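**Student:** Questions regarding the structure given below will be posed in turn.
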There are 2 protein chains.
Amino acid sequence: MTGRLYVLGIGPGDPELMTLKSVRILGQVPTVFVPKGREEGSSLALSIAQKAADLSGKEIIEAYFPMKKTRASEAGDELDLQWQDTVKAVMERLGRGIDVAFITLGDPTIYSTFFYLHNRLLELDPAISIELVPGVSSITASAARSGTYLGIADDRVAILPANYTGDLHDVLMQFETVVLMKVSKVFSNIVSTLKTANLLDRAVYVARAGMEDEKIVHDLREVREEDLNYFSIVIIRK
Amino acid sequence: MTGRLYVLGIGPGDPELMTLKSVRILGQVPTVFVPKGREEGSSLALSIAQKAADLSGKEIIEAYFPMKKTRASEAGDELDLQWQDTVKAVMERLGRGIDVAFITLGDPTIYSTFFYLHNRLLELDPAISIELVPGVSSITASAARSGTYLGIADDRVAILPANYTGDLHDVLMQFETVVLMKVSKVFSNIVSTLKTANLLDRAVYVARAGMEDEKIVHDLREVREEDLNYFSIVIIRK
(Lines give C-alpha, C1' and ligand atoms only; values in the text may rest on other atoms or scores of the structure.)
Protein backbone atom coordinates (compact mmCIF):
# COMPACT_ATOMS: atom_id res chain seq x y z
CA MET A 1 0.00 0.00 0.00
CA THR A 2 1.53 3.28 -1.09
CA GLY A 3 0.20 6.80 -0.97
CA ARG A 4 -0.46 9.13 -3.84
CA LEU A 5 1.18 12.47 -4.56
CA TYR A 6 -1.28 15.12 -5.73
CA VAL A 7 0.28 18.14 -7.42
CA LEU A 8 -2.25 20.91 -7.05
CA GLY A 9 -2.35 24.08 -9.12
CA ILE A 10 -3.91 26.58 -6.74
CA GLY A 11 -4.34 29.34 -9.31
CA PRO A 12 -2.88 32.81 -9.70
CA GLY A 13 -3.56 34.25 -6.25
CA ASP A 14 -7.27 34.78 -5.65
CA PRO A 15 -8.31 31.88 -3.37
CA GLU A 16 -11.68 31.80 -5.17
CA LEU A 17 -9.84 30.81 -8.35
CA MET A 18 -8.90 27.49 -6.76
CA THR A 19 -10.72 24.51 -8.21
CA LEU A 20 -13.24 22.42 -6.33
CA LYS A 21 -10.87 19.48 -6.78
CA SER A 22 -7.84 21.14 -5.20
CA VAL A 23 -9.92 22.26 -2.22
CA ARG A 24 -11.32 18.74 -1.79
CA ILE A 25 -7.90 17.10 -1.97
CA LEU A 26 -6.39 19.62 0.48
CA GLY A 27 -9.17 18.62 2.87
CA GLN A 28 -8.28 14.92 2.54
CA VAL A 29 -4.49 14.70 2.64
CA PRO A 30 -2.68 14.80 5.99
CA THR A 31 0.51 16.34 4.57
CA VAL A 32 0.95 19.42 2.38
CA PHE A 33 4.24 20.37 0.72
CA VAL A 34 4.67 24.07 0.04
CA PRO A 35 7.34 25.37 -2.34
CA LYS A 36 9.66 27.81 -0.59
CA GLY A 37 11.38 30.30 -2.86
CA ARG A 38 13.67 33.22 -2.29
CA GLU A 39 11.18 35.77 -3.51
CA GLU A 40 8.34 35.46 -1.04
CA GLY A 41 9.07 32.27 0.86
CA SER A 42 6.26 29.80 1.13
CA SER A 43 3.95 32.39 2.57
CA LEU A 44 2.17 33.24 -0.68
CA ALA A 45 1.10 29.77 -1.88
CA LEU A 46 0.26 28.64 1.63
CA SER A 47 -1.74 31.76 2.46
CA ILE A 48 -3.80 31.37 -0.72
CA ALA A 49 -4.56 27.71 -0.02
CA GLN A 50 -5.42 28.45 3.62
CA LYS A 51 -8.07 30.97 2.60
CA ALA A 52 -10.03 28.32 0.68
CA ALA A 53 -9.21 25.12 2.59
CA ASP A 54 -8.92 24.31 6.29
CA LEU A 55 -5.32 23.19 6.77
CA SER A 56 -5.34 23.22 10.56
CA GLY A 57 -3.88 20.07 12.07
CA LYS A 58 -2.14 19.09 8.84
CA GLU A 59 1.58 18.57 8.49
CA ILE A 60 2.99 21.45 6.41
CA ILE A 61 6.45 20.86 4.90
CA GLU A 62 8.42 23.59 3.19
CA ALA A 63 10.09 22.45 -0.01
CA TYR A 64 12.99 24.78 -0.74
CA PHE A 65 13.13 26.09 -4.28
CA PRO A 66 15.67 28.75 -5.21
CA MET A 67 13.69 30.15 -8.20
CA LYS A 68 16.86 29.97 -10.27
CA LYS A 69 16.49 29.85 -14.00
CA THR A 70 17.92 26.36 -14.19
CA ARG A 71 16.78 23.39 -16.18
CA ALA A 72 16.28 20.27 -14.09
CA SER A 73 18.88 18.47 -16.19
CA GLU A 74 21.45 21.21 -15.59
CA ALA A 75 20.67 21.71 -11.92
CA GLY A 76 23.70 22.39 -9.79
CA ASP A 77 24.79 20.59 -6.63
CA GLU A 78 23.26 23.10 -4.26
CA LEU A 79 19.83 22.76 -5.83
CA ASP A 80 20.23 18.97 -5.81
CA LEU A 81 20.95 18.81 -2.09
CA GLN A 82 18.03 21.00 -1.15
CA TRP A 83 15.61 19.01 -3.27
CA GLN A 84 16.99 15.77 -1.79
CA ASP A 85 15.36 16.58 1.55
CA THR A 86 12.01 17.17 -0.10
CA VAL A 87 12.33 14.01 -2.19
CA LYS A 88 13.06 11.96 0.94
CA ALA A 89 10.16 13.48 2.85
CA VAL A 90 7.73 12.76 -0.03
CA MET A 91 8.96 9.18 -0.55
CA GLU A 92 8.90 8.37 3.15
CA ARG A 93 5.24 9.39 3.48
CA LEU A 94 4.12 7.68 0.29
CA GLY A 95 5.89 4.52 1.52
CA ARG A 96 3.80 4.64 4.68
CA GLY A 97 0.61 4.84 2.59
CA ILE A 98 0.04 8.52 3.29
CA ASP A 99 -1.37 10.68 0.50
CA VAL A 100 0.37 14.02 0.17
CA ALA A 101 -0.28 17.24 -1.75
CA PHE A 102 2.30 19.55 -3.30
CA ILE A 103 0.79 22.97 -3.95
CA THR A 104 2.00 25.25 -6.68
CA LEU A 105 0.89 28.71 -7.80
CA GLY A 106 -0.98 28.84 -11.09
CA ASP A 107 -0.94 25.56 -12.99
CA PRO A 108 1.61 22.78 -12.32
CA THR A 109 2.46 22.25 -16.00
CA ILE A 110 3.47 25.79 -16.90
CA TYR A 111 6.68 27.13 -15.35
CA SER A 112 5.92 25.60 -11.98
CA THR A 113 8.47 24.49 -9.47
CA PHE A 114 7.15 20.96 -9.30
CA PHE A 115 8.80 19.46 -12.36
CA TYR A 116 12.24 19.89 -10.82
CA LEU A 117 11.06 17.32 -8.31
CA HIS A 118 9.10 15.10 -10.72
CA ASN A 119 11.99 13.42 -12.51
CA ARG A 120 13.86 12.80 -9.27
CA LEU A 121 10.85 11.02 -7.79
CA LEU A 122 10.35 8.89 -10.89
CA GLU A 123 14.03 7.92 -10.91
CA LEU A 124 13.69 6.57 -7.39
CA ASP A 125 10.42 4.76 -8.06
CA PRO A 126 8.97 4.64 -11.58
CA ALA A 127 5.74 3.21 -10.17
CA ILE A 128 5.10 6.19 -7.92
CA SER A 129 1.50 7.41 -8.09
CA ILE A 130 1.43 11.08 -9.10
CA GLU A 131 -1.67 13.02 -10.11
CA LEU A 132 -1.25 16.46 -11.64
CA VAL A 133 -4.32 18.57 -10.93
CA PRO A 134 -4.47 21.55 -13.29
CA GLY A 135 -5.21 25.04 -12.03
CA VAL A 136 -5.93 28.49 -13.42
CA SER A 137 -2.73 29.82 -14.97
CA SER A 138 -1.48 33.33 -14.21
CA ILE A 139 -1.29 33.83 -17.98
CA THR A 140 -5.00 33.51 -18.65
CA ALA A 141 -5.79 35.27 -15.37
CA SER A 142 -3.66 38.23 -16.49
CA ALA A 143 -5.45 38.36 -19.83
CA ALA A 144 -8.83 38.20 -18.10
CA ARG A 145 -7.99 40.88 -15.56
CA SER A 146 -6.77 43.24 -18.28
CA GLY A 147 -9.91 42.61 -20.36
CA THR A 148 -8.10 41.14 -23.33
CA TYR A 149 -7.84 37.69 -24.85
CA LEU A 150 -4.86 35.54 -25.75
CA GLY A 151 -6.31 34.10 -28.91
CA ILE A 152 -9.41 33.59 -31.02
CA ALA A 153 -9.93 31.62 -34.21
CA ASP A 154 -6.59 31.07 -35.98
CA ASP A 155 -4.43 33.25 -33.74
CA ARG A 156 -1.00 31.95 -32.87
CA VAL A 157 0.23 32.46 -29.33
CA ALA A 158 3.85 32.49 -28.18
CA ILE A 159 4.88 32.35 -24.53
CA LEU A 160 8.45 33.42 -23.85
CA PRO A 161 10.37 33.50 -20.59
CA ALA A 162 11.96 36.83 -19.75
CA ASN A 163 15.53 36.17 -20.75
CA TYR A 164 14.84 35.59 -24.42
CA THR A 165 17.73 36.44 -26.64
CA GLY A 166 17.64 38.98 -29.44
CA ASP A 167 14.87 37.44 -31.50
CA LEU A 168 11.85 38.88 -29.68
CA HIS A 169 11.29 41.07 -32.72
CA ASP A 170 11.03 38.01 -35.00
CA VAL A 171 8.54 36.30 -32.70
CA LEU A 172 6.46 39.50 -32.59
CA MET A 173 6.27 39.41 -36.38
CA GLN A 174 5.27 35.71 -36.50
CA PHE A 175 2.60 35.51 -33.78
CA GLU A 176 -0.69 37.35 -33.18
CA THR A 177 -0.17 37.19 -29.43
CA VAL A 178 3.09 37.17 -27.49
CA VAL A 179 3.19 36.64 -23.73
CA LEU A 180 6.39 37.63 -21.94
CA MET A 181 6.87 36.04 -18.52
CA LYS A 182 8.62 37.47 -15.45
CA VAL A 183 9.52 40.68 -17.20
CA SER A 184 10.69 42.79 -14.29
CA LYS A 185 14.44 42.38 -14.81
CA VAL A 186 14.42 43.13 -18.53
CA PHE A 187 11.59 45.61 -18.67
CA SER A 188 13.40 48.49 -20.37
CA ASN A 189 14.65 46.14 -23.10
CA ILE A 190 11.09 45.02 -23.73
CA VAL A 191 9.85 48.60 -24.01
CA SER A 192 12.52 49.51 -26.55
CA THR A 193 11.94 46.35 -28.63
CA LEU A 194 8.20 47.06 -28.70
CA LYS A 195 8.87 50.68 -29.66
CA THR A 196 11.06 49.55 -32.57
CA ALA A 197 8.37 47.07 -33.69
CA ASN A 198 5.74 49.81 -33.39
CA LEU A 199 3.76 47.61 -30.96
CA LEU A 200 4.07 49.61 -27.76
CA ASP A 201 0.38 50.57 -27.86
CA ARG A 202 -0.61 46.90 -28.27
CA ALA A 203 0.93 45.80 -24.97
CA VAL A 204 -0.37 45.57 -21.41
CA TYR A 205 1.57 45.04 -18.20
CA VAL A 206 -0.03 42.87 -15.51
CA ALA A 207 1.54 42.20 -12.13
CA ARG A 208 0.09 39.83 -9.52
CA ALA A 209 -3.14 39.17 -11.44
CA GLY A 210 -6.04 38.55 -9.10
CA MET A 211 -4.06 39.29 -5.94
CA GLU A 212 -4.93 42.14 -3.61
CA ASP A 213 -2.02 44.26 -4.83
CA GLU A 214 -2.63 43.56 -8.52
CA LYS A 215 -1.33 46.20 -10.94
CA ILE A 216 -2.47 46.65 -14.55
CA VAL A 217 -0.84 49.29 -16.76
CA HIS A 218 -2.04 49.75 -20.35
CA ASP A 219 0.76 52.15 -21.34
CA LEU A 220 4.10 50.48 -20.68
CA ARG A 221 5.84 53.86 -20.57
CA GLU A 222 3.91 54.53 -17.36
CA VAL A 223 5.18 51.46 -15.51
CA ARG A 224 7.33 52.72 -12.66
CA GLU A 225 10.25 50.97 -11.00
CA GLU A 226 8.08 50.18 -7.95
CA ASP A 227 5.38 48.59 -10.13
CA LEU A 228 7.81 45.93 -11.33
CA ASN A 229 7.28 42.59 -9.67
CA TYR A 230 8.48 39.01 -9.88
CA PHE A 231 4.94 37.88 -10.75
CA SER A 232 4.52 40.11 -13.76
CA ILE A 233 3.84 39.53 -17.43
CA VAL A 234 3.42 41.56 -20.60
CA ILE A 235 0.81 40.57 -23.17
CA ILE A 236 1.17 41.89 -26.71
CA ARG A 237 -1.83 41.52 -29.07
CA LYS A 238 -1.38 42.61 -32.64
CA MET B 1 -28.73 50.47 -12.05
CA THR B 2 -27.39 47.99 -14.56
CA GLY B 3 -26.47 44.35 -14.22
CA ARG B 4 -23.08 42.76 -14.68
CA LEU B 5 -22.07 40.17 -17.24
CA TYR B 6 -19.84 37.45 -15.80
CA VAL B 7 -17.95 35.40 -18.37
CA LEU B 8 -17.12 32.16 -16.61
CA GLY B 9 -14.45 29.71 -17.69
CA ILE B 10 -15.83 26.38 -16.47
CA GLY B 11 -12.69 24.38 -17.22
CA PRO B 12 -11.94 21.52 -19.60
CA GLY B 13 -14.75 19.11 -18.74
CA ASP B 14 -14.36 17.67 -15.26
CA PRO B 15 -16.91 19.58 -13.12
CA GLU B 16 -14.46 19.42 -10.20
CA LEU B 17 -12.06 21.57 -12.22
CA MET B 18 -14.48 24.48 -11.97
CA THR B 19 -13.32 27.28 -9.70
CA LEU B 20 -14.99 28.21 -6.44
CA LYS B 21 -15.73 31.59 -8.01
CA SER B 22 -17.56 30.27 -11.06
CA VAL B 23 -19.69 27.99 -8.86
CA ARG B 24 -20.52 30.90 -6.54
CA ILE B 25 -21.48 33.21 -9.41
CA LEU B 26 -23.62 30.53 -11.07
CA GLY B 27 -25.45 30.24 -7.77
CA GLN B 28 -26.13 33.99 -7.68
CA VAL B 29 -27.17 34.99 -11.22
CA PRO B 30 -30.75 34.40 -12.41
CA THR B 31 -29.77 34.00 -16.09
CA VAL B 32 -27.13 31.77 -17.67
CA PHE B 33 -26.09 32.01 -21.33
CA VAL B 34 -24.77 28.79 -22.83
CA PRO B 35 -22.84 28.75 -26.09
CA LYS B 36 -24.48 26.50 -28.65
CA GLY B 37 -22.19 25.15 -31.32
CA ARG B 38 -22.63 22.74 -34.17
CA GLU B 39 -20.37 20.10 -32.68
CA GLU B 40 -22.13 19.16 -29.46
CA GLY B 41 -24.77 21.82 -29.01
CA SER B 42 -24.95 23.44 -25.64
CA SER B 43 -25.22 20.13 -23.87
CA LEU B 44 -21.57 19.83 -22.98
CA ALA B 45 -20.93 23.18 -21.27
CA LEU B 46 -24.31 23.14 -19.57
CA SER B 47 -23.97 19.56 -18.33
CA ILE B 48 -20.56 20.32 -16.83
CA ALA B 49 -21.83 23.43 -15.04
CA GLN B 50 -24.92 21.60 -13.78
CA LYS B 51 -22.84 18.92 -12.11
CA ALA B 52 -21.13 21.50 -9.87
CA ALA B 53 -23.80 24.18 -9.48
CA ASP B 54 -27.55 24.05 -8.91
CA LEU B 55 -29.08 25.74 -11.95
CA SER B 56 -32.67 24.70 -11.30
CA GLY B 57 -35.11 27.59 -11.63
CA LYS B 58 -32.64 29.71 -13.56
CA GLU B 59 -33.26 31.10 -17.02
CA ILE B 60 -30.99 29.23 -19.46
CA ILE B 61 -30.46 30.92 -22.85
CA GLU B 62 -28.71 29.20 -25.72
CA ALA B 63 -26.31 31.46 -27.59
CA TYR B 64 -25.77 30.08 -31.06
CA PHE B 65 -22.17 29.80 -32.11
CA PRO B 66 -21.27 28.03 -35.33
CA MET B 67 -17.66 27.15 -34.35
CA LYS B 68 -16.46 28.56 -37.63
CA LYS B 69 -12.87 29.61 -37.89
CA THR B 70 -13.81 33.23 -38.36
CA ARG B 71 -12.29 36.31 -36.82
CA ALA B 72 -14.80 38.58 -35.11
CA SER B 73 -13.85 41.40 -37.46
CA GLU B 74 -14.41 39.23 -40.53
CA ALA B 75 -17.61 37.59 -39.35
CA GLY B 76 -20.13 37.01 -42.08
CA ASP B 77 -23.78 38.04 -42.12
CA GLU B 78 -25.12 34.71 -40.94
CA LEU B 79 -22.91 34.72 -37.87
CA ASP B 80 -23.82 38.36 -37.26
CA LEU B 81 -27.55 37.70 -37.27
CA GLN B 82 -27.34 34.81 -34.90
CA TRP B 83 -25.19 36.71 -32.45
CA GLN B 84 -27.58 39.68 -32.65
CA ASP B 85 -30.22 37.71 -30.76
CA THR B 86 -27.76 36.88 -28.01
CA VAL B 87 -26.53 40.47 -27.85
CA LYS B 88 -30.10 41.74 -27.46
CA ALA B 89 -30.92 39.19 -24.78
CA VAL B 90 -27.80 40.11 -22.78
CA MET B 91 -28.35 43.88 -23.09
CA GLU B 92 -32.02 43.65 -22.19
CA ARG B 93 -31.30 41.83 -18.94
CA LEU B 94 -28.37 44.04 -17.96
CA GLY B 95 -30.62 47.06 -18.59
CA ARG B 96 -33.11 45.68 -16.09
CA GLY B 97 -30.36 45.37 -13.48
CA ILE B 98 -30.11 41.60 -13.80
CA ASP B 99 -26.68 39.99 -13.49
CA VAL B 100 -26.05 37.30 -16.08
CA ALA B 101 -23.40 34.64 -16.62
CA PHE B 102 -22.02 33.42 -19.95
CA ILE B 103 -20.32 30.06 -19.51
CA THR B 104 -17.50 28.89 -21.72
CA LEU B 105 -15.48 25.68 -21.76
CA GLY B 106 -11.89 26.03 -20.59
CA ASP B 107 -10.78 29.61 -20.10
CA PRO B 108 -12.60 32.57 -21.67
CA THR B 109 -9.41 34.24 -22.97
CA ILE B 110 -8.02 31.35 -25.00
CA TYR B 111 -9.94 30.34 -28.15
CA SER B 112 -13.30 30.75 -26.44
CA THR B 113 -16.51 31.69 -28.15
CA PHE B 114 -17.11 34.68 -25.95
CA PHE B 115 -14.91 37.25 -27.65
CA TYR B 116 -17.06 37.18 -30.77
CA LEU B 117 -19.73 38.69 -28.54
CA HIS B 118 -17.47 40.98 -26.51
CA ASN B 119 -16.78 43.67 -29.11
CA ARG B 120 -20.40 43.78 -30.17
CA LEU B 121 -21.51 44.44 -26.60
CA LEU B 122 -18.89 47.14 -26.07
CA GLU B 123 -19.92 48.85 -29.32
CA LEU B 124 -23.49 49.12 -28.03
CA ASP B 125 -22.48 50.29 -24.58
CA PRO B 126 -18.83 51.02 -23.80
CA ALA B 127 -19.72 51.33 -20.10
CA ILE B 128 -21.10 47.80 -19.87
CA SER B 129 -19.87 45.93 -16.81
CA ILE B 130 -18.11 42.71 -17.88
CA GLU B 131 -16.04 40.52 -15.61
CA LEU B 132 -13.94 37.77 -17.18
CA VAL B 133 -13.46 34.94 -14.69
CA PRO B 134 -10.55 32.71 -15.74
CA GLY B 135 -10.84 28.94 -15.73
CA VAL B 136 -8.61 25.90 -16.18
CA SER B 137 -7.59 25.73 -19.83
CA SER B 138 -7.85 22.49 -21.80
CA ILE B 139 -4.21 23.07 -22.75
CA THR B 140 -2.79 22.76 -19.25
CA ALA B 141 -5.34 20.07 -18.43
CA SER B 142 -4.15 18.02 -21.41
CA ALA B 143 -0.54 18.39 -20.30
CA ALA B 144 -1.44 17.38 -16.75
CA ARG B 145 -3.48 14.36 -17.83
CA SER B 146 -0.67 13.11 -20.07
CA GLY B 147 1.89 13.58 -17.28
CA THR B 148 4.00 16.12 -19.10
CA TYR B 149 4.65 19.81 -18.70
CA LEU B 150 4.35 22.71 -21.12
CA GLY B 151 7.39 24.58 -19.90
CA ILE B 152 9.99 24.95 -17.19
CA ALA B 153 12.72 27.53 -16.72
CA ASP B 154 13.53 29.21 -20.04
CA ASP B 155 11.36 27.04 -22.29
CA ARG B 156 9.49 28.77 -25.06
CA VAL B 157 5.95 27.63 -25.76
CA ALA B 158 4.04 28.08 -29.01
CA ILE B 159 0.31 27.47 -29.35
CA LEU B 160 -0.92 27.04 -32.90
CA PRO B 161 -4.44 26.50 -34.21
CA ALA B 162 -4.88 23.48 -36.42
CA ASN B 163 -4.89 25.13 -39.81
CA TYR B 164 -1.33 26.47 -39.64
CA THR B 165 0.30 26.86 -42.98
CA GLY B 166 3.51 25.18 -44.02
CA ASP B 167 5.77 26.59 -41.34
CA LEU B 168 5.05 24.15 -38.53
CA HIS B 169 8.54 22.76 -39.05
CA ASP B 170 10.10 26.18 -38.40
CA VAL B 171 8.09 26.66 -35.21
CA LEU B 172 9.14 23.19 -34.03
CA MET B 173 12.78 24.22 -34.45
CA GLN B 174 12.33 27.52 -32.58
CA PHE B 175 10.29 26.44 -29.56
CA GLU B 176 10.86 23.85 -26.81
CA THR B 177 7.14 23.12 -26.63
CA VAL B 178 4.55 23.32 -29.39
CA VAL B 179 0.85 22.86 -28.73
CA LEU B 180 -1.38 22.13 -31.72
CA MET B 181 -5.08 22.84 -31.19
CA LYS B 182 -8.08 21.05 -32.71
CA VAL B 183 -5.94 18.69 -34.69
CA SER B 184 -8.51 16.18 -35.87
CA LYS B 185 -8.94 17.50 -39.41
CA VAL B 186 -5.23 17.76 -40.20
CA PHE B 187 -3.92 14.85 -38.19
CA SER B 188 -2.12 12.97 -40.93
CA ASN B 189 -0.30 16.16 -41.98
CA ILE B 190 0.86 16.63 -38.41
CA VAL B 191 2.17 13.08 -38.21
CA SER B 192 4.18 13.44 -41.40
CA THR B 193 5.61 16.83 -40.38
CA LEU B 194 6.67 15.40 -37.02
CA LYS B 195 8.21 12.39 -38.75
CA THR B 196 10.25 14.67 -41.02
CA ALA B 197 11.37 16.73 -38.03
CA ASN B 198 12.27 13.54 -36.16
CA LEU B 199 9.95 14.56 -33.32
CA LEU B 200 7.25 11.90 -33.59
CA ASP B 201 8.39 10.24 -30.36
CA ARG B 202 8.22 13.59 -28.54
CA ALA B 203 4.51 14.08 -29.16
CA VAL B 204 1.37 13.09 -27.27
CA TYR B 205 -2.25 13.17 -28.44
CA VAL B 206 -4.91 14.16 -25.89
CA ALA B 207 -8.62 14.25 -26.64
CA ARG B 208 -11.27 15.49 -24.19
CA ALA B 209 -8.87 15.93 -21.27
CA GLY B 210 -10.54 15.28 -17.97
CA MET B 211 -13.84 14.17 -19.51
CA GLU B 212 -15.24 10.69 -19.04
CA ASP B 213 -14.29 9.64 -22.57
CA GLU B 214 -10.81 11.13 -22.42
CA LYS B 215 -8.23 9.57 -24.76
CA ILE B 216 -4.45 9.84 -24.40
CA VAL B 217 -2.14 8.28 -27.00
CA HIS B 218 1.62 8.53 -26.61
CA ASP B 219 2.45 7.12 -30.03
CA LEU B 220 0.73 9.24 -32.67
CA ARG B 221 0.95 6.38 -35.19
CA GLU B 222 -1.53 4.51 -32.98
CA VAL B 223 -4.23 7.18 -33.09
CA ARG B 224 -7.17 5.68 -34.98
CA GLU B 225 -9.76 7.52 -37.00
CA GLU B 226 -12.35 7.01 -34.26
CA ASP B 227 -10.03 8.50 -31.62
CA LEU B 228 -10.00 11.84 -33.45
CA ASN B 229 -12.18 14.44 -31.81
CA TYR B 230 -13.02 18.12 -32.02
CA PHE B 231 -11.62 18.65 -28.52
CA SER B 232 -8.19 17.25 -29.19
CA ILE B 233 -4.68 18.62 -29.01
CA VAL B 234 -1.14 17.46 -29.68
CA ILE B 235 1.69 18.51 -27.38
CA ILE B 236 5.25 18.26 -28.66
CA ARG B 237 8.09 18.59 -26.12
CA LYS B 238 11.62 18.59 -27.42
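Here's how to read the names in the C-alpha coordinates: chain A, B, ... by the order shown, residue numbers from 1 in each chain, ligand numbers from 1 in the order shown.
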Pick out the chain A residues within 8 Å of chain B. Count only C-alpha atoms. Give them as an NGL selection string.
**Tutor:** :A and (16-21 or 69-71 or 107-113 or 115 or 131-137 or 140-141 or 143-145 or 147-164)
**Student:** Write out, as a short mmCIF file (atom, residue, chain, number, x, y, z; two decimals), in the first residue's frame, the residues just selected, with N, CA and C atoms.
**Tutor:**
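Contents of the output file result.cif:
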data_model
loop_
_atom_site.label_atom_id
_atom_site.label_comp_id
_atom_site.auth_asym_id
_atom_site.auth_seq_id
_atom_site.Cartn_x
_atom_site.Cartn_y
_atom_site.Cartn_z
N GLU A 16 -10.46 32.24 -4.48
CA GLU A 16 -11.68 31.80 -5.17
C GLU A 16 -11.39 31.21 -6.55
N LEU A 17 -10.20 31.42 -7.06
CA LEU A 17 -9.84 30.81 -8.35
C LEU A 17 -9.24 29.42 -8.16
N MET A 18 -9.25 28.90 -6.95
CA MET A 18 -8.90 27.49 -6.76
C MET A 18 -10.04 26.62 -7.27
N THR A 19 -9.69 25.42 -7.72
CA THR A 19 -10.72 24.51 -8.21
C THR A 19 -11.38 23.75 -7.05
N LEU A 20 -12.56 23.26 -7.31
CA LEU A 20 -13.24 22.42 -6.33
C LEU A 20 -12.36 21.22 -5.97
N LYS A 21 -11.68 20.68 -6.99
CA LYS A 21 -10.87 19.48 -6.78
C LYS A 21 -9.68 19.75 -5.86
N LYS A 69 16.84 30.24 -12.64
CA LYS A 69 16.49 29.85 -14.00
C LYS A 69 17.40 28.71 -14.43
N THR A 70 17.09 27.53 -13.95
CA THR A 70 17.92 26.36 -14.19
C THR A 70 17.06 25.23 -14.70
N ARG A 71 17.48 24.58 -15.75
CA ARG A 71 16.78 23.39 -16.18
C ARG A 71 17.06 22.27 -15.20
N ASP A 107 -0.72 26.92 -12.51
CA ASP A 107 -0.94 25.56 -12.99
C ASP A 107 0.39 24.79 -12.91
N PRO A 108 0.34 23.51 -12.50
CA PRO A 108 1.61 22.78 -12.32
C PRO A 108 2.40 22.52 -13.59
N THR A 109 1.75 22.62 -14.76
CA THR A 109 2.46 22.25 -16.00
C THR A 109 3.13 23.43 -16.69
N ILE A 110 2.92 24.64 -16.19
CA ILE A 110 3.47 25.79 -16.90
C ILE A 110 4.35 26.64 -15.98
N TYR A 111 5.66 26.44 -16.13
CA TYR A 111 6.68 27.13 -15.35
C TYR A 111 6.49 26.98 -13.85
N SER A 112 6.05 25.80 -13.42
CA SER A 112 5.92 25.60 -11.98
C SER A 112 7.19 25.00 -11.43
N THR A 113 7.30 25.05 -10.13
CA THR A 113 8.47 24.49 -9.47
C THR A 113 8.44 22.96 -9.43
N PHE A 115 8.15 20.41 -11.46
CA PHE A 115 8.80 19.46 -12.36
C PHE A 115 10.29 19.25 -12.09
N GLU A 131 -0.58 12.41 -9.34
CA GLU A 131 -1.67 13.02 -10.11
C GLU A 131 -1.47 14.52 -10.19
N LEU A 132 -1.36 15.01 -11.41
CA LEU A 132 -1.25 16.46 -11.64
C LEU A 132 -2.66 17.02 -11.75
N VAL A 133 -2.99 17.96 -10.90
CA VAL A 133 -4.32 18.57 -10.93
C VAL A 133 -4.18 19.99 -11.47
N PRO A 134 -4.69 20.24 -12.69
CA PRO A 134 -4.47 21.55 -13.29
C PRO A 134 -5.16 22.67 -12.52
N GLY A 135 -4.63 23.87 -12.68
CA GLY A 135 -5.21 25.04 -12.03
C GLY A 135 -5.29 26.20 -13.01
N VAL A 136 -5.86 27.30 -12.57
CA VAL A 136 -5.93 28.49 -13.42
C VAL A 136 -4.53 29.09 -13.51
N SER A 137 -4.06 29.28 -14.74
CA SER A 137 -2.73 29.82 -14.97
C SER A 137 -2.73 31.34 -14.79
N THR A 140 -3.62 33.20 -18.28
CA THR A 140 -5.00 33.51 -18.65
C THR A 140 -5.64 34.46 -17.64
N ALA A 141 -5.24 34.34 -16.37
CA ALA A 141 -5.79 35.27 -15.37
C ALA A 141 -5.37 36.70 -15.69
N ALA A 143 -4.66 37.93 -18.67
CA ALA A 143 -5.45 38.36 -19.83
C ALA A 143 -6.86 38.77 -19.37
N ALA A 144 -7.47 37.92 -18.57
CA ALA A 144 -8.83 38.20 -18.10
C ALA A 144 -8.89 39.51 -17.32
N ARG A 145 -7.96 39.69 -16.40
CA ARG A 145 -7.99 40.88 -15.56
C ARG A 145 -7.76 42.15 -16.37
N GLY A 147 -8.80 42.48 -19.41
CA GLY A 147 -9.91 42.61 -20.36
C GLY A 147 -9.55 42.26 -21.79
N THR A 148 -8.48 41.50 -21.97
CA THR A 148 -8.10 41.14 -23.33
C THR A 148 -8.17 39.61 -23.47
N TYR A 149 -7.88 39.13 -24.67
CA TYR A 149 -7.84 37.69 -24.85
C TYR A 149 -6.49 37.30 -25.42
N LEU A 150 -6.14 36.04 -25.24
CA LEU A 150 -4.86 35.54 -25.75
C LEU A 150 -4.99 35.10 -27.19
N GLY A 151 -6.15 34.54 -27.54
CA GLY A 151 -6.31 34.10 -28.91
C GLY A 151 -7.76 33.81 -29.23
N ILE A 152 -8.15 34.09 -30.47
CA ILE A 152 -9.41 33.59 -31.02
C ILE A 152 -9.09 33.00 -32.39
N ALA A 153 -10.01 32.16 -32.85
CA ALA A 153 -9.93 31.62 -34.21
C ALA A 153 -8.52 31.08 -34.53
N ASP A 154 -7.86 31.61 -35.52
CA ASP A 154 -6.59 31.07 -35.98
C ASP A 154 -5.36 31.76 -35.38
N ASP A 155 -5.56 32.53 -34.34
CA ASP A 155 -4.43 33.25 -33.74
C ASP A 155 -3.36 32.28 -33.25
N ARG A 156 -2.13 32.70 -33.42
CA ARG A 156 -1.00 31.95 -32.87
C ARG A 156 -0.52 32.67 -31.62
N VAL A 157 -0.18 31.90 -30.62
CA VAL A 157 0.23 32.46 -29.33
C VAL A 157 1.62 31.96 -28.97
N ALA A 158 2.52 32.88 -28.65
CA ALA A 158 3.85 32.49 -28.18
C ALA A 158 4.03 32.93 -26.74
N ILE A 159 4.58 32.04 -25.93
CA ILE A 159 4.88 32.35 -24.53
C ILE A 159 6.39 32.26 -24.36
N LEU A 160 7.00 33.38 -23.96
CA LEU A 160 8.45 33.42 -23.85
C LEU A 160 8.85 33.78 -22.43
N PRO A 161 9.84 33.09 -21.89
CA PRO A 161 10.37 33.50 -20.59
C PRO A 161 11.13 34.81 -20.77
N ALA A 162 11.45 35.45 -19.67
CA ALA A 162 11.96 36.83 -19.75
C ALA A 162 13.31 36.94 -20.43
N ASN A 163 14.17 35.98 -20.25
CA ASN A 163 15.53 36.17 -20.75
C ASN A 163 15.71 35.63 -22.17
N TYR A 164 14.70 35.90 -23.02
CA TYR A 164 14.84 35.59 -24.42
C TYR A 164 16.03 36.35 -24.98
#
**Student:** Could you pull out the residues in region 41-155 of chain A that DSSP calls helix (DSSP H, G or I) from the backbone, as a VMD selection string?
**Tutor:** chain A and resid 43 to 52 72 to 74 77 to 95 115 to 124 138 to 145
**Student:** Quick one: distance from CA of Ile103 (chain A) to CA of Leu121 (chain A) in Å, one decimal?
**Tutor:**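 About the pair CA of Ile103 (chain A) and CA of Leu121 (chain A): they are 16.1 Å apart.
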**Student:** Might you pull out every residue within 12 Å of region 80-92 of chain A, with only C-alpha atoms counted and same-chain residues fewer than 5 positions away left off, and present them as an MDAnalysis selection string?
**Tutor:** chainID A and resid 2:7 31:37 59:66 70:75 97:102 113:130
